[in-house]
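target.pdb follows; it contains PDB, C-alpha atoms.
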MODEL        1
ATOM      1  CA  MET A   1      45.597 -46.527  12.811  1.00  0.00           C
ATOM      2  CA  GLU A   2      43.571 -45.322   9.830  1.00  0.00           C
ATOM      3  CA  THR A   3      45.238 -47.868   7.547  1.00  0.00           C
ATOM      4  CA  LEU A   4      44.385 -50.664   9.975  1.00  0.00           C
ATOM      5  CA  ARG A   5      40.791 -49.424  10.105  1.00  0.00           C
ATOM      6  CA  VAL A   6      40.599 -49.542   6.299  1.00  0.00           C
ATOM      7  CA  ILE A   7      41.969 -53.090   6.232  1.00  0.00           C
ATOM      8  CA  ILE A   8      39.526 -54.333   8.877  1.00  0.00           C
ATOM      9  CA  LYS A   9      36.487 -52.698   7.270  1.00  0.00           C
ATOM     10  CA  THR A  10      37.477 -53.917   3.812  1.00  0.00           C
ATOM     11  CA  PHE A  11      37.870 -57.462   5.110  1.00  0.00           C
ATOM     12  CA  LEU A  12      34.527 -57.392   6.948  1.00  0.00           C
ATOM     13  CA  PHE A  13      32.661 -55.824   4.007  1.00  0.00           C
ATOM     14  CA  PHE A  14      33.906 -58.280   1.399  1.00  0.00           C
ATOM     15  CA  SER A  15      33.578 -61.235   3.767  1.00  0.00           C
ATOM     16  CA  ALA A  16      29.927 -60.386   4.509  1.00  0.00           C
ATOM     17  CA  THR A  17      29.239 -59.908   0.800  1.00  0.00           C
ATOM     18  CA  ALA A  18      30.943 -63.165  -0.181  1.00  0.00           C
ATOM     19  CA  ILE A  19      29.120 -65.162   2.505  1.00  0.00           C
ATOM     20  CA  LEU A  20      25.656 -63.754   1.811  1.00  0.00           C
ATOM     21  CA  ALA A  21      25.816 -63.623  -2.007  1.00  0.00           C
ATOM     22  CA  PRO A  22      25.369 -67.380  -2.652  1.00  0.00           C
ATOM     23  CA  PHE A  23      22.499 -67.611  -0.155  1.00  0.00           C
ATOM     24  CA  TYR A  24      20.796 -64.559  -1.621  1.00  0.00           C
ATOM     25  CA  PHE A  25      21.157 -65.908  -5.140  1.00  0.00           C
ATOM     26  CA  PHE A  26      19.611 -69.244  -4.163  1.00  0.00           C
ATOM     27  CA  ILE A  27      16.765 -67.676  -2.163  1.00  0.00           C
ATOM     28  CA  LEU A  28      15.874 -65.179  -4.894  1.00  0.00           C
ATOM     29  CA  PHE A  29      16.094 -67.771  -7.645  1.00  0.00           C
ATOM     30  CA  ALA A  30      13.877 -70.179  -5.692  1.00  0.00           C
ATOM     31  CA  LEU A  31      11.389 -67.432  -4.813  1.00  0.00           C
ATOM     32  CA  TYR A  32      11.648 -65.553  -8.116  1.00  0.00           C
ATOM     33  CA  LYS A  33       7.894 -64.986  -8.364  1.00  0.00           C
ATOM     34  CA  TRP A  34       7.958 -63.103  -5.039  1.00  0.00           C
ATOM     35  CA  ARG A  35      11.357 -61.416  -5.499  1.00  0.00           C
ATOM     36  CA  CYS A  36       9.963 -57.883  -5.162  1.00  0.00           C
ATOM     37  CA  ASN A  37       8.677 -58.840  -1.704  1.00  0.00           C
ATOM     38  CA  VAL A  38      11.691 -60.866  -0.625  1.00  0.00           C
ATOM     39  CA  GLY A  39      14.402 -58.705  -2.253  1.00  0.00           C
ATOM     40  CA  PRO A  40      13.888 -55.548  -0.155  1.00  0.00           C
ATOM     41  CA  GLU A  41      13.991 -57.575   3.067  1.00  0.00           C
ATOM     42  CA  LEU A  42      17.224 -59.316   2.063  1.00  0.00           C
ATOM     43  CA  LEU A  43      18.788 -56.012   1.014  1.00  0.00           C
ATOM     44  CA  ARG A  44      17.723 -54.429   4.295  1.00  0.00           C
ATOM     45  CA  PHE A  45      19.455 -57.200   6.268  1.00  0.00           C
ATOM     46  CA  TYR A  46      22.635 -56.776   4.213  1.00  0.00           C
ATOM     47  CA  SER A  47      22.402 -52.988   4.601  1.00  0.00           C
ATOM     48  CA  LYS A  48      22.124 -53.309   8.376  1.00  0.00           C
ATOM     49  CA  ILE A  49      25.342 -55.320   8.434  1.00  0.00           C
ATOM     50  CA  CYS A  50      27.086 -52.686   6.276  1.00  0.00           C
ATOM     51  CA  LEU A  51      25.854 -49.865   8.520  1.00  0.00           C
ATOM     52  CA  ILE A  52      27.433 -51.653  11.472  1.00  0.00           C
ATOM     53  CA  ILE A  53      30.709 -52.293   9.613  1.00  0.00           C
ATOM     54  CA  PHE A  54      31.027 -48.654   8.536  1.00  0.00           C
ATOM     55  CA  ARG A  55      29.711 -47.390  11.894  1.00  0.00           C
ATOM     56  CA  ILE A  56      27.029 -45.233  10.315  1.00  0.00           C
ATOM     57  CA  ASN A  57      24.767 -43.379  12.721  1.00  0.00           C
ATOM     58  CA  ILE A  58      21.403 -42.345  11.212  1.00  0.00           C
ATOM     59  CA  THR A  59      19.291 -39.499  12.536  1.00  0.00           C
ATOM     60  CA  CYS A  60      15.803 -39.237  11.012  1.00  0.00           C
ATOM     61  CA  SER A  61      13.300 -36.400  11.037  1.00  0.00           C
ATOM     62  CA  LYS A  62      10.278 -36.902  13.292  1.00  0.00           C
ATOM     63  CA  ASN A  63       7.866 -37.928  10.529  1.00  0.00           C
ATOM     64  CA  TYR A  64       9.897 -41.021   9.592  1.00  0.00           C
ATOM     65  CA  SER A  65       7.570 -43.493  11.333  1.00  0.00           C
ATOM     66  CA  LYS A  66       4.585 -42.115   9.420  1.00  0.00           C
ATOM     67  CA  PHE A  67       6.041 -42.621   5.950  1.00  0.00           C
ATOM     68  CA  SER A  68       8.003 -45.796   6.709  1.00  0.00           C
ATOM     69  CA  ARG A  69       4.657 -47.580   7.054  1.00  0.00           C
ATOM     70  CA  MET A  70       3.479 -46.580   3.569  1.00  0.00           C
ATOM     71  CA  LYS A  71       3.972 -49.655   1.391  1.00  0.00           C
ATOM     72  CA  LYS A  72       2.376 -48.631  -1.899  1.00  0.00           C
ATOM     73  CA  LYS A  73       2.083 -45.688  -4.248  1.00  0.00           C
ATOM     74  CA  LEU A  74       5.298 -44.149  -2.907  1.00  0.00           C
ATOM     75  CA  LEU A  75       8.225 -42.957  -5.021  1.00  0.00           C
ATOM     76  CA  ILE A  76      11.137 -41.852  -2.835  1.00  0.00           C
ATOM     77  CA  VAL A  77      13.278 -39.187  -4.510  1.00  0.00           C
ATOM     78  CA  SER A  78      16.638 -38.405  -2.929  1.00  0.00           C
ATOM     79  CA  ASN A  79      19.905 -36.626  -3.570  1.00  0.00           C
ATOM     80  CA  HIS A  80      22.803 -38.991  -4.224  1.00  0.00           C
ATOM     81  CA  SER A  81      26.102 -38.469  -2.396  1.00  0.00           C
ATOM     82  CA  SER A  82      27.634 -41.890  -1.836  1.00  0.00           C
ATOM     83  CA  PHE A  83      27.331 -45.640  -2.323  1.00  0.00           C
ATOM     84  CA  LEU A  84      26.324 -45.573   1.359  1.00  0.00           C
ATOM     85  CA  ASP A  85      22.996 -43.993   0.350  1.00  0.00           C
ATOM     86  CA  ILE A  86      21.692 -47.380  -0.759  1.00  0.00           C
ATOM     87  CA  PHE A  87      22.401 -48.934   2.639  1.00  0.00           C
ATOM     88  CA  VAL A  88      20.805 -46.010   4.494  1.00  0.00           C
ATOM     89  CA  LEU A  89      17.603 -45.866   2.436  1.00  0.00           C
ATOM     90  CA  SER A  90      17.244 -49.634   2.158  1.00  0.00           C
ATOM     91  CA  TYR A  91      17.505 -49.996   5.938  1.00  0.00           C
ATOM     92  CA  LEU A  92      14.977 -47.220   6.581  1.00  0.00           C
ATOM     93  CA  PHE A  93      12.390 -47.957   3.903  1.00  0.00           C
ATOM     94  CA  ARG A  94      12.827 -51.566   2.632  1.00  0.00           C
ATOM     95  CA  THR A  95      12.767 -50.415  -0.967  1.00  0.00           C
ATOM     96  CA  VAL A  96      13.325 -51.429  -4.561  1.00  0.00           C
ATOM     97  CA  PHE A  97      15.867 -49.211  -6.389  1.00  0.00           C
ATOM     98  CA  VAL A  98      16.324 -47.763  -9.852  1.00  0.00           C
ATOM     99  CA  SER A  99      19.922 -48.176 -11.040  1.00  0.00           C
ATOM    100  CA  LYS A 100      21.966 -47.487 -14.158  1.00  0.00           C
ATOM    101  CA  SER A 101      22.051 -50.426 -16.572  1.00  0.00           C
ATOM    102  CA  ASP A 102      25.833 -50.920 -16.178  1.00  0.00           C
ATOM    103  CA  ILE A 103      25.289 -52.471 -12.730  1.00  0.00           C
ATOM    104  CA  LYS A 104      23.329 -55.328 -14.302  1.00  0.00           C
ATOM    105  CA  PHE A 105      26.530 -56.666 -15.874  1.00  0.00           C
ATOM    106  CA  TYR A 106      28.656 -56.573 -12.716  1.00  0.00           C
ATOM    107  CA  PRO A 107      29.670 -60.141 -11.773  1.00  0.00           C
ATOM    108  CA  VAL A 108      27.457 -61.642  -9.027  1.00  0.00           C
ATOM    109  CA  ILE A 109      26.235 -58.252  -7.759  1.00  0.00           C
ATOM    110  CA  GLY A 110      24.450 -57.501 -11.030  1.00  0.00           C
ATOM    111  CA  GLN A 111      22.685 -60.841 -11.123  1.00  0.00           C
ATOM    112  CA  ILE A 112      21.566 -60.587  -7.498  1.00  0.00           C
ATOM    113  CA  ALA A 113      20.378 -57.009  -8.046  1.00  0.00           C
ATOM    114  CA  TRP A 114      18.321 -58.200 -11.038  1.00  0.00           C
ATOM    115  CA  LEU A 115      16.802 -61.020  -8.995  1.00  0.00           C
ATOM    116  CA  MET A 116      15.977 -58.551  -6.214  1.00  0.00           C
ATOM    117  CA  GLY A 117      13.844 -56.571  -8.625  1.00  0.00           C
ATOM    118  CA  VAL A 118      16.186 -53.613  -9.167  1.00  0.00           C
ATOM    119  CA  VAL A 119      14.971 -51.511 -12.106  1.00  0.00           C
ATOM    120  CA  PHE A 120      17.774 -50.847 -14.608  1.00  0.00           C
ATOM    121  CA  LEU A 121      17.896 -47.686 -16.710  1.00  0.00           C
ATOM    122  CA  ASN A 122      19.602 -47.290 -20.068  1.00  0.00           C
ATOM    123  CA  ARG A 123      20.041 -43.520 -20.345  1.00  0.00           C
ATOM    124  CA  ASN A 124      21.021 -43.686 -24.020  1.00  0.00           C
ATOM    125  CA  SER A 125      17.640 -44.870 -25.285  1.00  0.00           C
ATOM    126  CA  SER A 126      14.505 -42.688 -25.382  1.00  0.00           C
ATOM    127  CA  LYS A 127      12.340 -45.784 -25.899  1.00  0.00           C
ATOM    128  CA  GLU A 128      13.980 -47.367 -22.870  1.00  0.00           C
ATOM    129  CA  ARG A 129      13.245 -44.292 -20.760  1.00  0.00           C
ATOM    130  CA  TYR A 130       9.575 -44.425 -21.739  1.00  0.00           C
ATOM    131  CA  ARG A 131       9.409 -48.139 -20.897  1.00  0.00           C
ATOM    132  CA  LEU A 132      11.135 -47.466 -17.582  1.00  0.00           C
ATOM    133  CA  ILE A 133       8.632 -44.793 -16.573  1.00  0.00           C
ATOM    134  CA  LYS A 134       5.767 -47.189 -17.258  1.00  0.00           C
ATOM    135  CA  ARG A 135       7.512 -49.894 -15.241  1.00  0.00           C
ATOM    136  CA  ILE A 136       8.131 -47.492 -12.345  1.00  0.00           C
ATOM    137  CA  SER A 137       4.436 -46.692 -12.367  1.00  0.00           C
ATOM    138  CA  ASN A 138       3.559 -50.394 -12.176  1.00  0.00           C
ATOM    139  CA  ILE A 139       6.075 -51.135  -9.410  1.00  0.00           C
ATOM    140  CA  CYS A 140       4.945 -48.169  -7.294  1.00  0.00           C
ATOM    141  CA  SER A 141       1.440 -49.601  -7.357  1.00  0.00           C
ATOM    142  CA  ASN A 142       2.668 -52.417  -5.118  1.00  0.00           C
ATOM    143  CA  TYR A 143       6.043 -51.431  -3.672  1.00  0.00           C
ATOM    144  CA  ARG A 144       8.118 -48.503  -2.482  1.00  0.00           C
ATOM    145  CA  LEU A 145      10.701 -47.408  -5.001  1.00  0.00           C
ATOM    146  CA  VAL A 146      13.797 -45.198  -4.619  1.00  0.00           C
ATOM    147  CA  ILE A 147      15.297 -43.164  -7.428  1.00  0.00           C
ATOM    148  CA  PHE A 148      18.258 -40.790  -7.516  1.00  0.00           C
ATOM    149  CA  PRO A 149      17.272 -38.327 -10.270  1.00  0.00           C
ATOM    150  CA  GLN A 150      20.696 -36.678 -10.276  1.00  0.00           C
ATOM    151  CA  GLY A 151      21.890 -39.780 -12.106  1.00  0.00           C
ATOM    152  CA  THR A 152      25.256 -39.874 -10.333  1.00  0.00           C
ATOM    153  CA  THR A 153      26.845 -39.093  -6.989  1.00  0.00           C
ATOM    154  CA  SER A 154      28.021 -35.598  -6.062  1.00  0.00           C
ATOM    155  CA  ARG A 155      28.563 -33.300  -3.128  1.00  0.00           C
ATOM    156  CA  VAL A 156      25.462 -31.520  -1.838  1.00  0.00           C
ATOM    157  CA  SER A 157      27.201 -28.191  -2.400  1.00  0.00           C
ATOM    158  CA  ASP A 158      27.507 -29.016  -6.126  1.00  0.00           C
ATOM    159  CA  LYS A 159      23.697 -28.772  -6.401  1.00  0.00           C
ATOM    160  CA  LYS A 160      23.668 -31.180  -9.334  1.00  0.00           C
ATOM    161  CA  PRO A 161      20.273 -30.801 -11.072  1.00  0.00           C
ATOM    162  CA  PHE A 162      17.623 -33.520 -11.240  1.00  0.00           C
ATOM    163  CA  ASN A 163      16.741 -35.275 -14.492  1.00  0.00           C
ATOM    164  CA  ARG A 164      13.077 -34.531 -15.102  1.00  0.00           C
ATOM    165  CA  GLY A 165      12.067 -37.624 -17.084  1.00  0.00           C
ATOM    166  CA  VAL A 166      11.140 -39.820 -14.134  1.00  0.00           C
ATOM    167  CA  PHE A 167       8.580 -37.288 -12.912  1.00  0.00           C
ATOM    168  CA  LYS A 168       6.398 -38.183 -15.876  1.00  0.00           C
ATOM    169  CA  VAL A 169       5.420 -41.212 -13.803  1.00  0.00           C
ATOM    170  CA  LEU A 170       2.699 -39.040 -12.247  1.00  0.00           C
ATOM    171  CA  GLU A 171       1.057 -38.784 -15.651  1.00  0.00           C
ATOM    172  CA  PHE A 172       0.763 -42.584 -15.758  1.00  0.00           C
ATOM    173  CA  ASP A 173      -0.536 -42.882 -12.207  1.00  0.00           C
ATOM    174  CA  PRO A 174      -1.679 -39.660 -10.485  1.00  0.00           C
ATOM    175  CA  ASP A 175      -2.186 -41.598  -7.230  1.00  0.00           C
ATOM    176  CA  ILE A 176       1.559 -42.009  -6.735  1.00  0.00           C
ATOM    177  CA  SER A 177       3.037 -39.730  -4.078  1.00  0.00           C
ATOM    178  CA  ILE A 178       6.586 -38.441  -4.410  1.00  0.00           C
ATOM    179  CA  LEU A 179       8.418 -38.431  -1.096  1.00  0.00           C
ATOM    180  CA  PRO A 180      11.386 -35.998  -1.187  1.00  0.00           C
ATOM    181  CA  VAL A 181      14.274 -37.116   1.031  1.00  0.00           C
ATOM    182  CA  SER A 182      17.483 -35.227   1.790  1.00  0.00           C
ATOM    183  CA  LEU A 183      20.586 -37.178   2.817  1.00  0.00           C
ATOM    184  CA  LEU A 184      22.979 -34.948   4.703  1.00  0.00           C
ATOM    185  CA  TYR A 185      26.291 -36.465   5.779  1.00  0.00           C
ATOM    186  CA  GLU A 186      28.172 -34.650   8.499  1.00  0.00           C
ATOM    187  CA  ASP A 187      31.346 -34.749   6.365  1.00  0.00           C
ATOM    188  CA  ASP A 188      29.617 -34.566   2.999  1.00  0.00           C
ATOM    189  CA  SER A 189      32.551 -32.891   1.240  1.00  0.00           C
ATOM    190  CA  GLU A 190      34.685 -35.951   2.108  1.00  0.00           C
ATOM    191  CA  ILE A 191      32.095 -38.727   2.037  1.00  0.00           C
ATOM    192  CA  ALA A 192      30.564 -37.768  -1.326  1.00  0.00           C
ATOM    193  CA  TRP A 193      31.963 -39.572  -4.359  1.00  0.00           C
ATOM    194  CA  HIS A 194      32.592 -36.817  -6.880  1.00  0.00           C
ATOM    195  CA  THR A 195      34.607 -36.081 -10.001  1.00  0.00           C
ATOM    196  CA  PRO A 196      37.510 -36.740 -10.532  1.00  0.00           C
ATOM    197  CA  GLN A 197      37.666 -39.361  -7.748  1.00  0.00           C
ATOM    198  CA  THR A 198      37.650 -43.053  -8.569  1.00  0.00           C
ATOM    199  CA  LEU A 199      35.510 -45.467  -6.565  1.00  0.00           C
ATOM    200  CA  ILE A 200      38.651 -46.897  -4.945  1.00  0.00           C
ATOM    201  CA  GLN A 201      39.834 -43.432  -3.855  1.00  0.00           C
ATOM    202  CA  ASN A 202      36.445 -42.557  -2.419  1.00  0.00           C
ATOM    203  CA  SER A 203      36.082 -45.947  -0.710  1.00  0.00           C
ATOM    204  CA  PHE A 204      39.439 -45.462   1.018  1.00  0.00           C
ATOM    205  CA  ILE A 205      38.225 -42.133   2.439  1.00  0.00           C
ATOM    206  CA  VAL A 206      34.938 -43.691   3.605  1.00  0.00           C
ATOM    207  CA  PHE A 207      36.578 -46.794   5.065  1.00  0.00           C
ATOM    208  CA  LYS A 208      39.096 -44.832   7.129  1.00  0.00           C
ATOM    209  CA  LYS A 209      36.356 -42.830   8.888  1.00  0.00           C
ATOM    210  CA  LYS A 210      36.011 -43.841  12.532  1.00  0.00           C
ATOM    211  CA  LYS A 211      32.308 -42.991  12.487  1.00  0.00           C
ATOM    212  CA  ILE A 212      29.887 -41.543   9.920  1.00  0.00           C
ATOM    213  CA  ASN A 213      26.862 -39.462  10.864  1.00  0.00           C
ATOM    214  CA  VAL A 214      24.035 -38.884   8.413  1.00  0.00           C
ATOM    215  CA  GLU A 215      20.842 -36.900   8.884  1.00  0.00           C
ATOM    216  CA  VAL A 216      17.850 -38.061   6.856  1.00  0.00           C
ATOM    217  CA  LEU A 217      15.312 -35.303   6.264  1.00  0.00           C
ATOM    218  CA  ILE A 218      11.941 -36.671   5.192  1.00  0.00           C
ATOM    219  CA  HIS A 219       9.724 -33.995   3.702  1.00  0.00           C
ATOM    220  CA  GLN A 220       6.006 -33.809   3.065  1.00  0.00           C
ATOM    221  CA  PRO A 221       4.939 -35.773  -0.048  1.00  0.00           C
ATOM    222  CA  VAL A 222       4.371 -34.015  -3.345  1.00  0.00           C
ATOM    223  CA  ILE A 223       0.909 -35.152  -4.442  1.00  0.00           C
ATOM    224  CA  TYR A 224      -0.183 -34.837  -8.065  1.00  0.00           C
ATOM    225  CA  GLU A 225      -3.654 -33.503  -7.291  1.00  0.00           C
ATOM    226  CA  GLU A 226      -2.015 -30.497  -5.612  1.00  0.00           C
ATOM    227  CA  TYR A 227       0.176 -29.838  -8.659  1.00  0.00           C
ATOM    228  CA  GLY A 228      -2.106 -31.140 -11.396  1.00  0.00           C
ATOM    229  CA  LYS A 229      -1.673 -28.019 -13.499  1.00  0.00           C
ATOM    230  CA  CYS A 230       2.107 -28.306 -13.464  1.00  0.00           C
ATOM    231  CA  ARG A 231       4.178 -30.031 -16.130  1.00  0.00           C
ATOM    232  CA  SER A 232       6.549 -32.813 -15.116  1.00  0.00           C
ATOM    233  CA  SER A 233       9.498 -30.436 -15.523  1.00  0.00           C
ATOM    234  CA  GLN A 234       7.907 -28.026 -13.053  1.00  0.00           C
ATOM    235  CA  ILE A 235       7.243 -30.776 -10.521  1.00  0.00           C
ATOM    236  CA  CYS A 236      10.868 -31.847 -10.977  1.00  0.00           C
ATOM    237  CA  ASN A 237      12.029 -28.334 -10.072  1.00  0.00           C
ATOM    238  CA  ILE A 238       9.730 -28.246  -7.039  1.00  0.00           C
ATOM    239  CA  VAL A 239      11.080 -31.549  -5.689  1.00  0.00           C
ATOM    240  CA  GLN A 240      14.667 -30.556  -6.509  1.00  0.00           C
ATOM    241  CA  ASP A 241      14.311 -27.326  -4.527  1.00  0.00           C
ATOM    242  CA  ILE A 242      12.848 -29.197  -1.557  1.00  0.00           C
ATOM    243  CA  VAL A 243      15.615 -31.806  -1.487  1.00  0.00           C
ATOM    244  CA  LEU A 244      18.650 -29.655  -2.246  1.00  0.00           C
ATOM    245  CA  SER A 245      17.641 -26.480  -0.411  1.00  0.00           C
ATOM    246  CA  SER A 246      17.006 -28.460   2.767  1.00  0.00           C
ATOM    247  CA  SER A 247      20.321 -30.239   2.370  1.00  0.00           C
ATOM    248  CA  LEU A 248      22.188 -26.966   2.283  1.00  0.00           C
ATOM    249  CA  LYS A 249      20.736 -25.628   5.530  1.00  0.00           C
TER
ENDMDL
END

Take the structure I supplied and represent it as structure tokens, if you would.
Amino acid sequence: METLRVIIKTFLFFSATAILAPFYFFILFALYKWRCNVGPELLRFYSKICLIIFRINITCSKNYSKFSRMKKKLLIVSNHSSFLDIFVLSYLFRTVFVSKSDIKFYPVIGQIAWLMGVVFLNRNSSKERYRLIKRISNICSNYRLVIFPQGTTSRVSDKKPFNRGVFKVLEFDPDISILPVSLLYEDDSEIAWHTPQTLIQNSFIVFKKKKINVEVLIHQPVIYEEYGKCRSSQICNIVQDIVLSSSLK
């Protein structure tokens, strides 16, 4: 039964992706000037389909409606457990994402992600990191942006630390609010893609699940004027404690 479930979900996932990809590419290419407006809506529609395919049930904290309406000056910072995180957060917040630069060179997916306005990060270049922080600041002025400061997926129990660099964005634009979000999967130890698993091994585990429950804890924003005397590394630690401590409850 589990094998059949994996086959069906794999077929539906790749079929949906293959059908939508050409349309998305054409729409984003034609509306390139407005891609940061159009991209999040297209990704949200695709994410909704994926949530249905994987039978993901989302439970949000009560203050979701308040922050889901904020369209500007919002940087969403979340722990990163699974490739499913993108579908969950995209569906809830209609966001632009920060991703590692490798994704940009994936066939089809990379090109569509670039057209959607995804911000790519090259972790091996200090100049690139500085440029990225400035770009994040500019994007947050007009759009909601999601970043996973852990840099990779892991189990919540691993408590993988946040990279502090991105928090320097507050020095470029003190008006940006950081919204800490905790993603807590009911079966996190199984759902989370962690070392030494391959993507295929983790996908098989995810695909065979009959149903996946995830609780999304949305915390109070961290506002620069309240932490103006703190260095970016200190603000990083504050946000990390909020996100990971809540996840472990």

Next on the checklist: Using all atoms listed in the file for the distances, tell me which of A:Val239, A:Leu132, A:Thr10, A:His219 is nearest to Ser101 in chain A.
Outcome noted: A:Leu132

Around range 20-30 of chain A, with edges along x, y and z and 6 Å added on all six sides, what centre and edge lengths do you get, in Å to one decimal, as lines of an AutoDock Vina configuration file?
center_x = 19.8
center_y = -66.9
center_z = -2.9
size_x = 23.9
size_y = 18.6
size_z = 21.5

Checklist entry - Residues picked by the PyMOL selection byres ((chain A and resi 138) around 12) here, as a PyMOL selection string? => result chain A and resi 72-75+119+131-137+139-145+169-170+172-173+175-176

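Of note, CA of Ser15 in chain A and CA of Cys50 in chain A are spaced 11.0 Å apart.
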
Checklist entry - For the file shown, what are the residues hit by the PyMOL selection byres ((chain A and resi 186-191) around 7), laid out as a ChimeraX atom specification? => result /A:82,155,184-185,192-193,206,213-214

Write the residues of the selection above to a file with C-alpha atoms, as a tab-separated table (two decimals), in the coordinates of the input.
chain	number	residue	atom	x	y	z
A	82	SER	CA	27.63	-41.89	-1.84
A	155	ARG	CA	28.56	-33.30	-3.13
A	184	LEU	CA	22.98	-34.95	4.70
A	185	TYR	CA	26.29	-36.47	5.78
A	192	ALA	CA	30.56	-37.77	-1.33
A	193	TRP	CA	31.96	-39.57	-4.36
A	206	VAL	CA	34.94	-43.69	3.60
A	213	ASN	CA	26.86	-39.46	10.86
A	214	VAL	CA	24.04	-38.88	8.41

Item to check | Given only C-alpha atoms as the counted atoms, nearest of A:Thr195, A:Thr153, A:Asn163, A:Gln201 to Asn237 in chain A | outcome: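 The shortest atom-to-atom distance to Asn237 in chain A comes from A:Asn163.
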
Next on the checklist: Between A:Leu12, A:Cys60, A:Gln240, A:Leu121, which residue has the minimum interatomic distance to Asp102 in chain A, considering only C-alpha atoms?
Outcome noted: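 Looking only at the distances to Asp102 in chain A, the closest residue turns out to be A:Leu121.
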
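For the residues A:Gln150, A:Ile178, A:Ser157, A:Val216, ranking by smallest atom-to-atom distance to Tyr91 in chain A using all atoms listed in the file places A:Val216 first.
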
Item to check | From A:Arg44, A:Val243, A:Val88, A:Val146, residue lying nearest Asn57 in chain A [only C-alpha atoms] | outcome: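 Looking at the shortest contact to Asn57 in chain A, the residue is A:Val88.
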
Checklist entry - Applied to this file, what does the PyMOL selection byres ((chain A and resi 95) around 6) return in terms of residues, put as a list in words? => result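 Taken over the shown coordinates, the PyMOL selection byres ((chain A and resi 95) around 6) returns Pro40, Ser90, Phe93, Arg94, Val96, Arg144 and Leu145 of chain A.
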
Next on the checklist: With distances taken over all atoms listed in the file, which residue among A:Ile7, A:Pro161, A:Ser78, A:Ala113 lies nearest Ala21 in chain A?
Outcome noted: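 The answer is A:Ala113, which sits nearest to Ala21 in chain A.
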
Item to check | Polymer residues at most 9 Å from Lys168 in chain A, only C-alpha atoms, same-chain spacing of 2 or more positions, as a list in words | outcome: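 Those residues are Ile133, Arg164, Gly165, Val166, Leu170, Glu171, Phe172, Arg231, Ser232 and Ser233 of chain A.
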
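Between CA of Tyr224 in chain A and CA of Ser61 in chain A the interatomic distance comes to 23.4 Å.
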
Item to check | Gap from CA of Tyr64 in chain A to CA of Val222 in chain A - Å, one decimal | outcome: 15.7 Å

Next on the checklist: Given the point (22.8, -40.6, -5.4) in the coordinates of this file, which residues lie within 8 Å, counting all atoms listed in the file, and how would they look as a list in words?
Outcome noted: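 Residues lying no farther than 8 Å from the given point: Ser78, Asn79, His80, Ser81, Ser82, Phe83, Asp85, Phe148, Pro149, Gln150, Gly151, Thr152, Thr153 and Ser154 of chain A.
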
Checklist entry - Do you know which residues are at most 8 Å from Val118 in chain A counting only C-alpha atoms, after dropping those on the same chain fewer than 6 positions away, and could you put them as an MDAnalysis selection string? => result chainID A and resid 96:99
